[in-house]
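A.B. asks: One structure, pasted below without further comment.
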Amino acid sequence: LVLLVGSGLLIRSFIRVLHVDPGFDSKHVFTARVGVPFDSYNHDQHFRFYEQLLSKLASLPGVQIASAGWPLPLANSRASVSFSIVGQPVAPGDHPSEAIGAVMPDYFKTMRIPLLSGRVFNAQDGIQGAPVIIINQAFAKKYFPGENPIGQHIQADLGDDSFVHSVREVVGVVGDTRQHSLTLSPPPQYFLPYAQAVITNPFLTIRTSADSASMERELRAA
């Protein structure tokens, strides 16, 4: 009797997990990572490499859209970075810290993470562009309750050779994605354009018309 009850509860829990919305659509999405050395590529060369690679991947037959970002949802890879919000002073040492991401243009579209307000990153948010930031819905609810977060300014305590602790304008709010587990609520998260935060090798995200072994071979060859 105990085994039957336990099995029934386990099956019910499993069914509930299967119906949890992860916040993104992984169907027909290939992911990969290419290691680009930081000691031999500067900021601009690093970004241009991925920009040119994504252009090549997007031109392959069967590829609908290609982008890159870090970290991937549910990939057990994340980092929390402290920040400050202009107009919301805190005591020294009490700056909040939340999950951070760095993504290329079209990342949210490729992963089908919905845009809730504002805009997503584009080609203008590059090396010469103004410092900008996108937040998810959980971040907006926690730090801008009852306010419009678009146009607010956030200073992330992270930078690279070109963008060091820049004050960034919030230009968009995107949907939440599960980060650690389907059973845990999505955490607050903010995103920087990869061109303005060359801090790691991002994951390629390639949405195709169908999953196939031949497509995988073409992507590897490219």
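Letters for chains follow the order of the structure tokens (A, B, ...), residue numbers begin at 1 for each chain, and ligand numbers begin at 1 in the order shown.
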List every residue of stretch 36-144 of chain A that has an atom at most 9 Å from any atom of stretch 25-28 of chain A, giving for each one its closest atom pair and the distance in Å to one decimal, counting only C-alpha atoms, sorted by chain and then by ascending residue number, as a Markdown table.
C.D. replies:
```
| residue | atom | partner | partner_atom | distance |
| --- | --- | --- | --- | --- |
| A:Thr110 | CA | A:Asp25 | CA | 8.7 |
| A:Met111 | CA | A:Asp25 | CA | 5.8 |
| A:Arg112 | CA | A:Asp25 | CA | 5.7 |
| A:Ile113 | CA | A:Asp25 | CA | 7.6 |
```
A.B. asks: Just list the residues in stretch 28-206 of chain A DSSP gives alpha helix (DSSP H) on the backbone, as number ranges by chain.
C.D. replies: A: 43-58, 107-111, 137-143
A.B. asks: Find the residues of stretch 45-129 of chain A that sit at most 9 Å from stretch 175-189 of chain A; for each, write down the nearest two atoms and how far apart they are in Å, to one decimal. Count only C-alpha atoms. Sort by chain, then by number going up, and give it as a Markdown table.
C.D. replies:
```
| residue | atom | partner | partner_atom | distance |
| --- | --- | --- | --- | --- |
| A:Leu72 | CA | A:Gln179 | CA | 8.0 |
| A:Pro73 | CA | A:Gln179 | CA | 4.8 |
| A:Leu74 | CA | A:Gln179 | CA | 4.7 |
| A:Ala75 | CA | A:Gln179 | CA | 7.4 |
| A:Asn76 | CA | A:His180 | CA | 6.2 |
| A:Ser77 | CA | A:Gln179 | CA | 8.6 |
| A:Arg78 | CA | A:Gln179 | CA | 8.1 |
| A:Ser80 | CA | A:Gln189 | CA | 8.7 |
| A:Glu98 | CA | A:Gln189 | CA | 5.9 |
| A:Ala99 | CA | A:Gln189 | CA | 4.7 |
| A:Ile100 | CA | A:Gln189 | CA | 5.7 |
| A:Gly101 | CA | A:Gln189 | CA | 7.4 |
| A:Ile113 | CA | A:Gly175 | CA | 6.0 |
| A:Pro114 | CA | A:Gly175 | CA | 5.3 |
| A:Leu115 | CA | A:Gly175 | CA | 6.4 |
| A:Leu116 | CA | A:Gly175 | CA | 6.5 |
```
A.B. asks: For A:Asp157, which residue out of A:Arg207, A:Lys109, A:His95, A:His43 is the nearest one, using only C-alpha atoms?
C.D. replies: A:His95
A.B. asks: What's around A:Asn201 at 7 Å? Count only C-alpha atoms, leave out sequence neighbours fewer than 5 positions away in its own chain, and write the answer as a VMD selection string.
C.D. replies: chain A and resid 34 to 36
A.B. asks: Let me see the file: selected residues, N, CA and C atoms, as a CSV table (one decimal), in the first residue's frame.
C.D. replies:
```csv
chain,number,residue,atom,x,y,z
A,34,VAL,N,31.9,27.3,-28.9
A,34,VAL,CA,33.2,27.4,-29.6
A,34,VAL,C,34.1,28.2,-28.7
A,35,GLY,N,35.2,27.6,-28.3
A,35,GLY,CA,36.2,28.3,-27.4
A,35,GLY,C,37.1,29.3,-28.1
A,36,VAL,N,36.9,30.5,-27.9
A,36,VAL,CA,37.8,31.6,-28.5
A,36,VAL,C,38.7,32.1,-27.4
```
